[in-house]
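The structure file run_19.txt is reproduced below (compact mmCIF, C-alpha atoms).
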```txt
# COMPACT_ATOMS: atom_id res chain seq x y z
CA MET A 9 -0.54 10.04 -25.37
CA VAL A 10 -0.73 11.84 -22.03
CA ASN A 11 -2.98 10.30 -19.41
CA MET A 12 -5.23 13.18 -18.40
CA GLU A 13 -6.52 11.37 -15.31
CA LYS A 14 -3.09 11.10 -13.66
CA GLN A 15 -0.61 13.83 -14.37
CA LEU A 16 1.15 17.00 -13.32
CA TYR A 17 -0.78 20.25 -13.61
CA THR A 18 -0.09 23.90 -12.92
CA LEU A 19 -1.76 25.59 -9.96
CA GLY A 20 -4.16 27.43 -12.25
CA GLU A 21 -5.20 24.21 -13.99
CA VAL A 22 -5.86 22.47 -10.67
CA ILE A 23 -7.95 25.39 -9.38
CA GLU A 24 -9.98 25.10 -12.58
CA LEU A 25 -10.54 21.36 -12.00
CA ILE A 26 -11.61 22.02 -8.39
CA ASN A 27 -13.99 24.74 -9.50
CA LYS A 28 -15.54 22.26 -11.94
CA ASN A 29 -16.38 20.03 -8.93
CA GLN A 30 -14.02 17.25 -10.02
CA GLN A 31 -13.16 14.61 -7.40
CA LEU A 32 -9.42 14.80 -6.99
CA VAL A 33 -6.50 13.34 -5.08
CA ILE A 34 -3.81 16.03 -5.22
CA THR A 35 -0.18 15.60 -4.25
CA ALA A 36 2.20 18.55 -4.23
CA ASP A 37 4.46 20.68 -2.14
CA GLU A 38 2.53 22.27 0.72
CA SER A 39 3.19 25.77 -0.64
CA LEU A 40 0.90 24.88 -3.58
CA LEU A 41 -1.68 22.87 -1.64
CA LYS A 42 -2.23 25.85 0.71
CA GLN A 43 -3.37 27.94 -2.25
CA LEU A 44 -6.13 25.60 -3.43
CA PRO A 45 -9.78 26.56 -2.91
CA ALA A 46 -12.29 24.45 -1.03
CA GLY A 47 -13.75 21.65 -3.11
CA LYS A 48 -14.06 17.94 -3.66
CA TRP A 49 -10.47 16.96 -3.08
CA ILE A 50 -7.99 15.52 -0.63
CA GLY A 51 -4.28 16.20 -0.71
CA GLY A 52 -0.91 15.31 0.73
CA SER A 53 2.45 17.08 0.85
CA ILE A 54 5.10 15.51 -1.38
CA PRO A 55 7.25 17.20 -4.06
CA TYR A 56 8.51 14.01 -5.84
CA PHE A 57 6.71 12.50 -8.85
CA MET A 58 6.94 9.99 -11.65
CA SER A 59 5.31 11.75 -14.58
CA GLU A 60 5.01 11.03 -18.30
CA GLU A 61 8.33 12.88 -18.68
CA GLY A 62 10.10 10.87 -15.99
CA GLY A 63 10.99 11.25 -12.33
CA LYS A 64 10.72 14.84 -11.17
CA PHE A 65 11.21 16.96 -8.04
CA THR A 66 9.06 20.06 -8.35
CA LYS A 67 7.46 22.71 -6.17
CA ASP A 68 5.82 24.33 -9.18
CA LEU A 69 3.44 21.57 -10.30
CA LEU A 70 0.78 19.39 -8.63
CA PHE A 71 0.13 15.72 -9.35
CA VAL A 72 -3.57 15.08 -9.78
CA ASN A 73 -5.43 11.78 -9.77
CA ASN A 74 -8.79 12.75 -11.21
CA LEU A 75 -11.36 10.19 -10.07
CA SER A 76 -14.39 12.01 -11.47
CA GLY A 77 -16.62 9.62 -13.35
CA LYS A 78 -14.94 6.56 -11.87
CA GLY A 79 -17.87 5.80 -9.59
CA VAL A 80 -21.56 6.32 -9.10
CA ASN A 81 -21.18 7.97 -5.72
CA TYR A 82 -18.47 9.37 -3.47
CA LYS A 83 -17.86 10.87 -0.04
CA PHE A 84 -14.96 12.34 1.91
CA SER A 85 -13.99 11.63 5.51
CA LYS A 86 -11.34 12.40 8.13
CA TYR A 87 -9.81 10.02 10.65
CA SER A 88 -7.96 10.39 13.92
CA SER A 89 -5.96 7.67 15.68
CA GLU A 90 -9.10 6.98 17.75
CA ASN A 91 -11.47 6.31 14.85
CA ILE A 92 -9.25 5.13 12.00
CA ASN A 93 -10.62 1.64 12.63
CA THR A 94 -14.02 2.85 11.36
CA ILE A 95 -12.74 3.43 7.84
CA THR A 96 -14.09 0.07 6.68
CA LYS A 97 -17.57 1.06 7.90
CA ASN A 98 -17.42 4.21 5.80
CA ASN A 99 -16.59 2.27 2.64
CA PHE A 100 -19.42 1.81 0.20
CA GLU A 101 -20.77 -1.72 -0.17
CA ASN A 102 -18.86 -2.01 -3.45
CA GLY A 103 -16.05 0.43 -4.10
CA PHE A 104 -12.68 1.58 -2.89
CA SER A 105 -11.14 4.19 -0.60
CA ILE A 106 -8.06 6.31 -1.13
CA ILE A 107 -6.49 7.46 2.12
CA ILE A 108 -3.64 9.89 2.87
CA LEU A 109 -1.95 9.80 6.27
CA PRO A 110 0.73 12.21 7.52
CA LEU A 111 4.24 10.89 8.14
CA ALA A 112 5.13 10.39 11.82
CA SER A 113 1.55 10.96 13.00
CA GLU A 114 -0.45 9.09 15.63
CA VAL A 115 -3.10 8.18 13.06
CA LEU A 116 -0.44 6.58 10.86
CA LYS A 117 0.88 4.66 13.86
CA SER A 118 -2.60 3.45 14.80
CA PHE A 119 -3.43 2.43 11.24
CA SER A 120 -0.18 0.61 10.63
CA LEU A 121 -0.28 -1.35 13.88
CA ASN A 122 -3.92 -2.40 13.57
CA SER A 123 -5.30 -2.20 10.03
CA LEU A 124 -5.20 -5.92 9.28
CA LYS A 125 -7.43 -6.47 12.34
CA PHE A 126 -10.09 -3.95 11.22
CA LYS A 127 -13.47 -5.60 10.63
CA ASP A 128 -14.05 -6.27 6.91
CA ILE A 129 -10.60 -4.92 6.03
CA PHE A 130 -10.42 -6.99 2.84
CA LYS A 131 -13.98 -6.33 1.67
CA ASN A 132 -13.05 -3.28 -0.44
CA PRO A 133 -9.64 -1.88 -1.33
CA ILE A 134 -8.16 0.71 1.02
CA LEU A 135 -5.11 2.21 -0.57
CA GLY A 136 -3.17 5.43 -0.71
CA TYR A 137 -0.04 6.88 0.74
CA VAL A 138 1.84 8.58 3.54
CA ALA A 139 2.40 12.30 2.96
CA GLY A 140 5.95 13.48 3.47
CA ILE A 141 8.38 16.34 3.23
CA ASP A 142 11.08 17.93 1.09
CA LEU A 143 14.15 15.86 1.90
CA ASN A 144 16.46 18.69 0.82
CA ILE A 145 15.41 20.85 3.78
CA ALA A 146 17.49 20.16 6.88
CA GLU A 147 15.15 21.87 9.36
CA PRO A 148 12.42 19.79 11.01
CA GLN A 149 9.21 19.76 8.93
CA LEU A 150 5.76 18.30 9.41
CA ALA A 151 4.04 16.33 6.69
CA LYS A 152 0.64 17.81 5.83
CA VAL A 153 -2.61 16.43 4.54
CA TYR A 154 -5.52 18.49 3.26
CA PHE A 155 -9.27 18.06 3.49
CA GLY A 156 -10.61 20.00 0.53
CA GLU A 157 -14.27 20.15 1.51
CA THR A 158 -13.45 22.43 4.45
CA LYS A 159 -10.01 23.56 3.21
CA GLU A 160 -8.25 22.26 6.29
CA GLU A 161 -4.53 21.61 6.65
CA LEU A 162 -3.88 18.71 9.03
CA THR A 163 -0.80 17.10 10.56
CA ASN A 164 -2.26 14.41 12.79
CA THR A 165 -5.39 13.38 10.91
CA GLY A 166 -5.96 11.12 7.92
CA VAL A 167 -8.15 12.06 4.97
CA ALA A 168 -10.01 9.71 2.64
CA LEU A 169 -12.02 9.71 -0.56
CA HIS A 170 -14.50 6.84 -0.75
CA ILE A 171 -15.83 5.89 -4.19
CA GLU A 172 -18.80 3.65 -4.93
CA LEU A 173 -18.61 1.57 -8.09
CA GLN A 174 -21.30 0.22 -10.36
CA PRO A 175 -22.52 -3.31 -9.54
CA ASN A 176 -20.66 -4.77 -12.53
CA GLU A 177 -17.32 -3.29 -11.42
CA VAL A 178 -14.86 -4.55 -8.82
CA ALA A 179 -11.86 -2.59 -7.53
CA ARG A 180 -8.68 -4.59 -7.10
CA VAL A 181 -5.34 -3.55 -5.57
CA GLU A 182 -2.07 -5.03 -6.73
CA ILE A 183 1.42 -4.31 -5.46
CA ILE A 184 4.86 -4.63 -6.95
CA ASN A 185 7.74 -5.14 -4.61
CA PRO A 186 11.00 -4.93 -6.56
CA ASN A 187 12.86 -6.62 -3.74
CA SER A 188 13.34 -10.33 -3.36
CA ILE A 189 14.34 -12.29 -0.29
CA ASP A 190 18.05 -12.99 0.13
CA GLU A 191 18.09 -16.76 0.60
CA ASN A 192 21.41 -16.43 2.46
CA SER A 193 19.85 -14.13 5.06
CA PRO A 194 19.24 -15.45 8.55
CA SER A 195 15.66 -15.47 9.81
CA PHE A 196 14.47 -12.77 12.22
CA LYS A 197 11.64 -13.21 14.72
CA PHE A 198 10.46 -10.50 17.10
CA PRO A 199 8.81 -10.71 20.52
CA VAL A 200 6.49 -7.73 19.98
CA THR A 201 4.83 -5.91 17.12
CA SER A 202 6.48 -2.51 17.04
CA PHE A 203 8.22 0.21 15.01
CA GLU A 204 11.19 -0.23 17.34
CA GLN A 205 13.04 -3.51 17.85
CA SER A 206 16.06 -4.62 19.84
CA GLU A 207 16.19 -8.13 21.29
CA CYS A 208 15.01 -10.77 18.83
CA LEU A 209 15.73 -14.25 17.55
CA ILE A 210 18.19 -14.41 14.68
CA ASN A 211 18.21 -17.94 13.25
CA ASP A 212 16.38 -18.84 16.50
CA VAL A 213 19.26 -17.59 18.65
CA LYS A 214 18.59 -14.72 21.08
CA SER A 215 20.38 -11.69 19.64
CA ASN A 216 20.29 -7.93 19.36
CA LEU A 217 19.10 -6.61 16.02
CA ALA A 218 21.08 -3.34 16.16
CA ASP A 219 24.31 -5.18 16.96
CA TYR A 220 23.68 -7.60 14.10
CA LEU A 221 22.90 -4.92 11.51
CA VAL A 222 25.99 -2.95 12.53
CA SER A 223 28.09 -6.14 12.30
CA ILE A 224 27.05 -6.72 8.67
CA LYS A 225 27.40 -3.02 7.79
CA HIS A 226 23.71 -2.78 6.91
CA PRO A 227 23.25 0.34 4.75
CA THR A 228 19.89 1.28 6.44
CA MET A 229 18.36 2.31 3.11
CA GLY A 230 17.59 -0.13 0.33
CA ILE A 231 17.72 -3.43 2.20
CA PRO A 232 14.50 -3.89 4.15
CA LEU A 233 13.43 -6.85 6.22
CA VAL A 234 10.94 -8.86 4.17
CA SER A 235 8.19 -11.27 5.15
CA SER A 236 6.06 -13.36 2.82
CA SER A 237 2.27 -13.27 3.12
CA ASN A 238 1.40 -16.20 0.87
CA ALA A 239 4.01 -14.91 -1.62
CA ALA A 240 3.08 -11.22 -1.24
CA LEU A 241 6.42 -9.78 -0.15
CA ILE A 242 5.99 -7.19 2.59
CA ASN A 243 8.92 -4.87 3.31
CA ARG A 244 9.81 -3.31 6.65
CA ASP A 245 12.27 -0.53 5.97
CA VAL A 246 14.96 0.39 8.51
CA GLN A 247 14.72 4.08 9.51
CA PHE A 248 17.82 4.26 11.69
CA ILE A 249 20.03 2.17 13.91
CA ASP A 250 20.49 3.59 17.40
CA THR A 251 23.87 2.14 18.32
CA VAL A 252 23.92 3.81 21.76
CA ASN A 253 20.66 2.23 22.92
CA ARG A 254 21.09 -0.83 20.66
CA LYS A 255 17.69 -0.37 19.02
CA VAL A 256 16.48 -0.28 15.44
CA ASN A 257 13.64 1.95 14.27
CA PHE A 258 11.54 1.03 11.24
CA PHE A 259 9.33 3.09 8.93
CA SER A 260 6.55 0.52 9.44
CA PRO A 261 5.88 -1.93 12.24
CA VAL A 262 7.62 -5.27 12.38
CA TYR A 263 5.18 -7.98 13.46
CA SER A 264 5.67 -10.58 16.15
CA ASP A 265 3.82 -13.25 14.17
CA GLU A 266 5.90 -13.04 11.00
CA VAL A 267 9.29 -14.40 10.01
CA TYR A 268 11.57 -11.89 8.31
CA ARG A 269 14.67 -12.11 6.15
CA LEU A 270 16.84 -9.43 4.58
CA ALA A 271 16.14 -8.39 1.02
CA LYS A 272 18.67 -8.81 -1.74
CA LYS A 273 20.38 -5.60 -2.77
CA VAL A 274 18.83 -4.13 -5.91
CA ASP A 275 21.48 -3.06 -8.43
CA ASP A 276 19.31 -1.24 -10.94
CA TYR A 277 15.75 -0.20 -10.07
CA LYS A 278 15.06 0.97 -13.61
CA VAL A 279 15.86 -2.46 -15.08
CA LEU A 280 14.00 -4.23 -12.30
CA PHE A 281 10.88 -2.13 -12.77
CA ALA A 282 11.00 -2.75 -16.51
CA GLU A 283 10.94 -6.49 -15.74
CA LYS A 284 8.29 -6.39 -13.03
CA LEU A 285 5.91 -3.66 -14.19
CA SER A 286 3.74 -5.80 -16.41
CA ILE A 287 0.66 -3.74 -15.51
CA ASN A 288 -0.24 -1.28 -18.22
CA LYS A 289 -0.07 2.05 -16.41
CA LYS A 290 -2.99 3.42 -18.39
CA GLU A 291 -5.19 0.65 -16.94
CA ALA A 292 -4.33 1.62 -13.37
CA VAL A 293 -6.92 4.02 -11.98
CA TYR A 294 -4.52 5.07 -9.25
CA SER A 295 -0.88 4.33 -8.52
CA CYS A 296 1.92 5.50 -6.26
CA LEU A 297 5.41 4.30 -5.40
CA CYS A 298 8.03 4.68 -2.72
CA VAL A 299 10.29 7.72 -2.56
CA SER A 300 13.19 5.31 -1.90
CA PHE A 301 13.02 4.33 -5.57
CA TYR A 302 13.48 7.96 -6.56
CA LEU A 303 16.50 8.27 -4.28
CA LEU A 304 18.11 4.85 -4.68
CA GLY A 305 17.16 4.26 -8.28
CA SER A 306 18.33 7.60 -9.63
CA LEU A 307 14.95 7.99 -11.30
CA GLU A 308 15.13 11.76 -11.78
CA ASN A 309 14.38 12.35 -15.49
CA ASN A 310 14.18 8.59 -16.06
CA ILE A 311 10.85 7.03 -17.03
CA ILE A 312 9.42 3.82 -15.58
CA ASN A 313 6.07 2.27 -16.39
CA ILE A 314 4.07 3.88 -13.59
CA ASN A 315 2.69 7.35 -12.89
CA GLY A 316 2.18 8.84 -9.48
CA ALA A 317 3.72 10.42 -6.43
CA PHE A 318 6.87 9.05 -4.81
CA THR A 319 5.51 8.52 -1.34
CA PHE A 320 6.75 8.18 2.23
CA GLY A 321 4.88 4.92 2.77
CA GLU A 322 2.43 3.12 0.53
CA ILE A 323 -0.94 1.89 1.71
CA ALA A 324 -2.64 -1.23 0.43
CA TYR A 325 -4.82 -2.50 3.32
CA GLN A 326 -1.70 -2.00 5.46
CA LEU A 327 1.32 0.28 5.52
CA LEU A 328 4.02 -0.85 3.10
CA ASN A 329 7.57 0.29 2.38
CA GLN A 330 9.57 0.30 -0.85
CA THR A 331 6.60 -0.87 -2.87
CA ALA A 332 4.49 0.28 -5.83
CA VAL A 333 0.70 0.18 -5.40
CA PHE A 334 -1.89 0.05 -8.20
CA LEU A 335 -5.67 0.19 -8.29
CA MET A 336 -7.40 -1.62 -11.12
CA ILE A 337 -11.13 -1.79 -11.86
CA ASP A 338 -12.38 -5.05 -13.37
CA LYS A 339 -15.62 -4.96 -15.33
CA TYR A 340 -17.86 -8.04 -15.13
CA MET B 28 -22.33 -9.30 -17.57
CA ALA B 29 -19.61 -11.89 -18.25
CA GLU B 30 -20.25 -15.48 -17.18
CA VAL B 31 -17.59 -15.92 -14.52
CA THR B 32 -17.99 -18.60 -11.87
CA ILE B 33 -15.90 -20.13 -9.14
CA PRO B 34 -16.04 -23.74 -7.87
CA PRO B 35 -18.64 -24.56 -5.18
CA ILE B 36 -17.54 -24.22 -1.57
CA THR B 37 -18.08 -27.97 -1.11
CA ARG B 38 -15.02 -28.77 -3.24
CA ALA B 39 -12.25 -30.20 -1.06
CA GLU B 40 -9.66 -27.93 -2.60
CA TRP B 41 -11.02 -24.93 -0.68
CA ARG B 42 -10.22 -26.54 2.65
CA LYS B 43 -6.82 -27.61 1.40
CA MET B 44 -6.02 -24.05 0.31
CA LEU B 45 -6.83 -22.76 3.77
CA SER B 46 -5.06 -25.54 5.66
CA GLY B 47 -1.95 -25.13 3.52
CA GLU B 48 -2.18 -28.63 2.01
CA ILE B 49 -2.48 -26.86 -1.34
CA ASN B 50 0.26 -24.29 -1.24
CA HIS B 51 -0.82 -22.16 -4.15
CA ASN B 52 0.56 -18.65 -4.38
CA PHE B 53 -2.27 -16.47 -5.63
CA ARG B 54 -1.33 -13.70 -8.03
CA ASN B 55 -3.95 -11.43 -6.54
CA TYR B 56 -2.67 -9.39 -3.60
CA VAL B 57 -5.82 -9.33 -1.46
CA LEU B 58 -6.19 -13.10 -1.66
CA GLN B 59 -2.55 -13.56 -0.72
CA LEU B 60 -3.16 -11.41 2.36
CA GLN B 61 -6.53 -12.91 3.21
CA ILE B 62 -5.28 -16.50 3.18
CA HIS B 63 -2.15 -15.58 5.13
CA GLU B 64 -4.10 -13.71 7.81
CA ALA B 65 -6.77 -16.44 7.98
CA GLN B 66 -4.13 -19.13 8.52
CA LYS B 67 -2.61 -17.10 11.38
CA ASN B 68 -6.02 -16.40 12.92
CA ILE B 69 -7.05 -20.08 12.76
CA LYS B 70 -3.77 -21.07 14.40
CA ASN B 71 -4.32 -18.50 17.18
CA ASN B 72 -7.98 -19.50 17.64
CA LYS B 73 -9.16 -16.02 16.62
CA VAL B 74 -11.45 -17.43 13.94
CA SER B 75 -12.95 -20.85 13.28
CA PHE B 76 -11.86 -22.78 10.22
CA GLU B 77 -15.44 -22.76 8.92
CA ASP B 78 -15.81 -18.97 9.24
CA ALA B 79 -12.43 -18.42 7.58
CA LEU B 80 -13.52 -20.73 4.77
CA LYS B 81 -16.71 -18.72 4.22
CA ASP B 82 -14.74 -15.45 4.20
CA LEU B 83 -12.28 -16.86 1.67
CA TYR B 84 -15.08 -18.07 -0.56
CA LEU B 85 -16.87 -14.72 -0.45
CA LEU B 86 -13.69 -12.86 -1.34
CA CYS B 87 -12.97 -15.22 -4.24
CA GLU B 88 -16.55 -14.76 -5.41
CA LYS B 89 -16.01 -11.02 -5.46
CA TYR B 90 -12.73 -11.37 -7.34
CA SER B 91 -13.97 -14.20 -9.55
CA LEU B 92 -12.51 -12.67 -12.68
CA ALA B 93 -9.08 -12.09 -11.16
CA VAL B 94 -8.80 -15.63 -9.73
CA GLN B 95 -9.71 -17.55 -12.89
CA ASN B 96 -6.12 -18.40 -13.87
CA ASP B 97 -5.27 -19.48 -10.32
CA PHE B 98 -8.39 -21.61 -10.05
CA LYS B 99 -7.74 -23.34 -13.38
CA GLN B 100 -4.50 -24.56 -11.82
CA ILE B 101 -6.04 -25.51 -8.48
CA PHE B 102 -9.46 -26.87 -9.40
CA ILE B 103 -8.81 -27.67 -13.11
CA LYS B 104 -12.56 -27.90 -13.88
CA TRP B 105 -15.83 -26.96 -12.19
```
Let's see the structure in the file written out as structure tokens.
Amino acid sequence: MVNMEKQLYTLGEVIELINKNQQLVITADESLLKQLPAGKWIGGSIPYFMSEEGGKFTKDLLFVNNLSGKGVNYKFSKYSSENINTITKNNFENGFSIIILPLASEVLKSFSLNSLKFKDIFKNPILGYVAGIDLNIAEPQLAKVYFGETKEELTNTGVALHIELQPNEVARVEIINPNSIDENSPSFKFPVTSFEQSECLINDVKSNLADYLVSIKHPTMGIPLVSSSNAALINRDVQFIDTVNRKVNFFSPVYSDEVYRLAKKVDDYKVLFAEKLSINKKEAVYSCLCVSFYLLGSLENNIININGAFTFGEIAYQLLNQTAVFLMIDKY
Amino acid sequence: MAEVTIPPITRAEWRKMLSGEINHNFRNYVLQLQIHEAQKNIKNNKVSFEDALKDLYLLCEKYSLAVQNDFKQIFIKW
């Protein structure tokens, strides 16, 4: 049975949903998002999806999370790097917020460096994703997000849909990180919280991270640094190693107050997801997962137990990498 | 509404969870994060132990359904 609340639609079908005043989170190639009318929706540019038919790259269909009827009230908002810290104030007293931030933007940088320090950050779930690009296009591209109410296309602003739940409902975010910590990895500690790292302590010895990763022939993709937050494994994915300047850039900030280790190499993402995805995907109100899984796990046309966009960063109170994010609603 | 309760904040186990004396790995993601961040903030004097304890209790109260299995292991009965 197809899940009508989370699936791929044609442009015409999405326009129809918008015209019916449905509250939507829409993910698609920007060529499609540009054509949508104003309405109660937010969107982000990504052309990679896990649908009922399996992993898919498409510029002809749009992935829609239809949140109509999920709450008793809703509102939309936009955030810059200066006011992203106010997102928790805009949350309803009981509810959740879905946020989309553009890849490589100042608002993403501000959110990812500071979100865990926002007042009341854990009071209600804040989740969503980082909008991205078509990886097949060699020319420089900008990730786009869309604010449906005013039909704006944005590259340096975040957009959010805030939903208020009934008093007997509680929204809960869960994550699945298919990686595990390689127990043979040395420990890594960093002097500053930053997307870029160089000098650090490796097994408590002053070292250079770029030199070390080159020395072990680190593949860049697929083996993140991992920290444990009370057993929640948090990945920090290497973007590139700058051998000339002996620096390493990450897709999300590496924190000075965490201890990191390398992840174990994953041999088969499909098998691993089958083991770890115990959540019934039909129970998840919203879900998304990392585009790395699509690329590394050869998931094109293969089905795993999750629906959603393959994203360029997952958000669950903080920016995550190589992770799947789910929103569940518990009824009391 | 289902009858779901959590143990009173006066139970010693709450303090032990926060201090790390009880090293229980919650299954629920937000509680994993909240405890981890609270432990760091207490260590860095950014929050008092008592305030962190209240915050933890309030969060567990909110997620009382999701924490039942964890609490049966930690508190056994209440």
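Among A:Tyr325, A:Phe155, A:Phe119, A:Tyr302, the residue with the shortest atom-to-atom distance to chain B, counting all atoms listed in the file, is A:Tyr325.
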Show which residues sit within 9 Å of region 188-198 of chain A, as a ChimeraX atom specification. Count all atoms listed in the file, and ignore same-chain residues fewer than 3 positions away.
/A:185,201-202,205-212,217,233-236,241,262-274
Do me a favour and pick out the residues of chain B within 10 Å of chain A, using only C-alpha atoms, as a PDB file with C-alpha atoms, keeping the file's coordinate frame.
```
ATOM      1  CA  MET B  28     -22.330  -9.300 -17.570  1.00  0.00           C
ATOM      2  CA  ALA B  29     -19.610 -11.890 -18.250  1.00  0.00           C
ATOM      3  CA  GLU B  30     -20.250 -15.480 -17.180  1.00  0.00           C
ATOM      4  CA  VAL B  31     -17.590 -15.920 -14.520  1.00  0.00           C
ATOM      5  CA  GLY B  47      -1.950 -25.130   3.520  1.00  0.00           C
ATOM      6  CA  ASN B  50       0.260 -24.290  -1.240  1.00  0.00           C
ATOM      7  CA  HIS B  51      -0.820 -22.160  -4.150  1.00  0.00           C
ATOM      8  CA  ASN B  52       0.560 -18.650  -4.380  1.00  0.00           C
ATOM      9  CA  PHE B  53      -2.270 -16.470  -5.630  1.00  0.00           C
ATOM     10  CA  ARG B  54      -1.330 -13.700  -8.030  1.00  0.00           C
ATOM     11  CA  ASN B  55      -3.950 -11.430  -6.540  1.00  0.00           C
ATOM     12  CA  TYR B  56      -2.670  -9.390  -3.600  1.00  0.00           C
ATOM     13  CA  VAL B  57      -5.820  -9.330  -1.460  1.00  0.00           C
ATOM     14  CA  LEU B  58      -6.190 -13.100  -1.660  1.00  0.00           C
ATOM     15  CA  GLN B  59      -2.550 -13.560  -0.720  1.00  0.00           C
ATOM     16  CA  LEU B  60      -3.160 -11.410   2.360  1.00  0.00           C
ATOM     17  CA  GLN B  61      -6.530 -12.910   3.210  1.00  0.00           C
ATOM     18  CA  ILE B  62      -5.280 -16.500   3.180  1.00  0.00           C
ATOM     19  CA  HIS B  63      -2.150 -15.580   5.130  1.00  0.00           C
ATOM     20  CA  GLU B  64      -4.100 -13.710   7.810  1.00  0.00           C
ATOM     21  CA  GLN B  66      -4.130 -19.130   8.520  1.00  0.00           C
ATOM     22  CA  LYS B  67      -2.610 -17.100  11.380  1.00  0.00           C
ATOM     23  CA  ASP B  82     -14.740 -15.450   4.200  1.00  0.00           C
ATOM     24  CA  LEU B  85     -16.870 -14.720  -0.450  1.00  0.00           C
ATOM     25  CA  LEU B  86     -13.690 -12.860  -1.340  1.00  0.00           C
ATOM     26  CA  LYS B  89     -16.010 -11.020  -5.460  1.00  0.00           C
ATOM     27  CA  TYR B  90     -12.730 -11.370  -7.340  1.00  0.00           C
ATOM     28  CA  SER B  91     -13.970 -14.200  -9.550  1.00  0.00           C
ATOM     29  CA  LEU B  92     -12.510 -12.670 -12.680  1.00  0.00           C
ATOM     30  CA  ALA B  93      -9.080 -12.090 -11.160  1.00  0.00           C
TER      31      ALA B  93
END
```
One decimal, Å: what's the distance from CA of Glu157 (chain A) over to CA of Glu172 (chain A), could you say?
18.3 Å
Find the residue from A:Leu297, A:Leu40, A:Val256, A:Ile34 that sits nearest to Glu204 (chain A); use only C-alpha atoms when measuring.
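Between A:Leu297, A:Leu40, A:Val256, A:Ile34, the residue approaching Glu204 (chain A) most closely is A:Val256.
CA of Leu143 (chain A) sits 28.9 Å away from CA of Leu25 (chain A).
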Can you tell me how far CA of Trp41 (chain B) sits from CA of Leu135 (chain A), in Å to one decimal?
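According to the coordinates, CA of Trp41 (chain B) and CA of Leu135 (chain A) are separated by 27.8 Å.
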Test item: residues at most 6 Å from Gly63 (chain A), all atoms listed in the file, excluding those fewer than 3 positions along its chain, as a ChimeraX atom specification:
/A:57-58,307-310
Measuring atom to atom with all atoms listed in the file, identify which of B:Asn96, B:Thr37, B:Asn68, B:Leu45 is nearest to Leu83 (chain B).
B:Leu45
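Counting all atoms listed in the file, the residue from A:Pro186, A:Pro227, A:Pro232, A:Pro261 that sits nearest to Leu280 (chain A) is A:Pro186.
Contact shell of Ile36 (chain B) at 9 Å (all atoms listed in the file; same-chain neighbours under 5 positions omitted): Trp41, Arg42, Leu80, Lys81 and Tyr84 of chain B.
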Just add N, CA and C atoms to region 54-65 of chain B and send it as a PDB file, in the coordinates of the input.
```pdb
ATOM      1  N   ARG B  54      -1.936 -14.890  -7.417  1.00  0.00           N
ATOM      2  CA  ARG B  54      -1.330 -13.700  -8.030  1.00  0.00           C
ATOM      3  C   ARG B  54      -1.972 -12.443  -7.484  1.00  0.00           C
ATOM      4  N   ASN B  55      -3.195 -12.587  -7.006  1.00  0.00           N
ATOM      5  CA  ASN B  55      -3.950 -11.430  -6.540  1.00  0.00           C
ATOM      6  C   ASN B  55      -3.567 -11.080  -5.093  1.00  0.00           C
ATOM      7  N   TYR B  56      -3.217  -9.831  -4.880  1.00  0.00           N
ATOM      8  CA  TYR B  56      -2.670  -9.390  -3.600  1.00  0.00           C
ATOM      9  C   TYR B  56      -3.630  -9.593  -2.432  1.00  0.00           C
ATOM     10  N   VAL B  57      -4.899  -9.242  -2.605  1.00  0.00           N
ATOM     11  CA  VAL B  57      -5.820  -9.330  -1.460  1.00  0.00           C
ATOM     12  C   VAL B  57      -6.056 -10.787  -1.059  1.00  0.00           C
ATOM     13  N   LEU B  58      -6.021 -11.679  -2.014  1.00  0.00           N
ATOM     14  CA  LEU B  58      -6.190 -13.100  -1.660  1.00  0.00           C
ATOM     15  C   LEU B  58      -4.941 -13.646  -0.979  1.00  0.00           C
ATOM     16  N   GLN B  59      -3.793 -13.166  -1.405  1.00  0.00           N
ATOM     17  CA  GLN B  59      -2.550 -13.560  -0.720  1.00  0.00           C
ATOM     18  C   GLN B  59      -2.642 -13.155   0.756  1.00  0.00           C
ATOM     19  N   LEU B  60      -3.063 -11.901   0.979  1.00  0.00           N
ATOM     20  CA  LEU B  60      -3.160 -11.410   2.360  1.00  0.00           C
ATOM     21  C   LEU B  60      -4.243 -12.143   3.140  1.00  0.00           C
ATOM     22  N   GLN B  61      -5.389 -12.321   2.499  1.00  0.00           N
ATOM     23  CA  GLN B  61      -6.530 -12.910   3.210  1.00  0.00           C
ATOM     24  C   GLN B  61      -6.211 -14.334   3.677  1.00  0.00           C
ATOM     25  N   ILE B  62      -5.619 -15.118   2.804  1.00  0.00           N
ATOM     26  CA  ILE B  62      -5.280 -16.500   3.180  1.00  0.00           C
ATOM     27  C   ILE B  62      -4.217 -16.506   4.284  1.00  0.00           C
ATOM     28  N   HIS B  63      -3.224 -15.642   4.136  1.00  0.00           N
ATOM     29  CA  HIS B  63      -2.150 -15.580   5.130  1.00  0.00           C
ATOM     30  C   HIS B  63      -2.703 -15.201   6.513  1.00  0.00           C
ATOM     31  N   GLU B  64      -3.535 -14.152   6.531  1.00  0.00           N
ATOM     32  CA  GLU B  64      -4.100 -13.710   7.810  1.00  0.00           C
ATOM     33  C   GLU B  64      -5.047 -14.770   8.383  1.00  0.00           C
ATOM     34  N   ALA B  65      -5.833 -15.398   7.509  1.00  0.00           N
ATOM     35  CA  ALA B  65      -6.770 -16.440   7.980  1.00  0.00           C
ATOM     36  C   ALA B  65      -6.000 -17.610   8.604  1.00  0.00           C
TER      37      ALA B  65
END
```
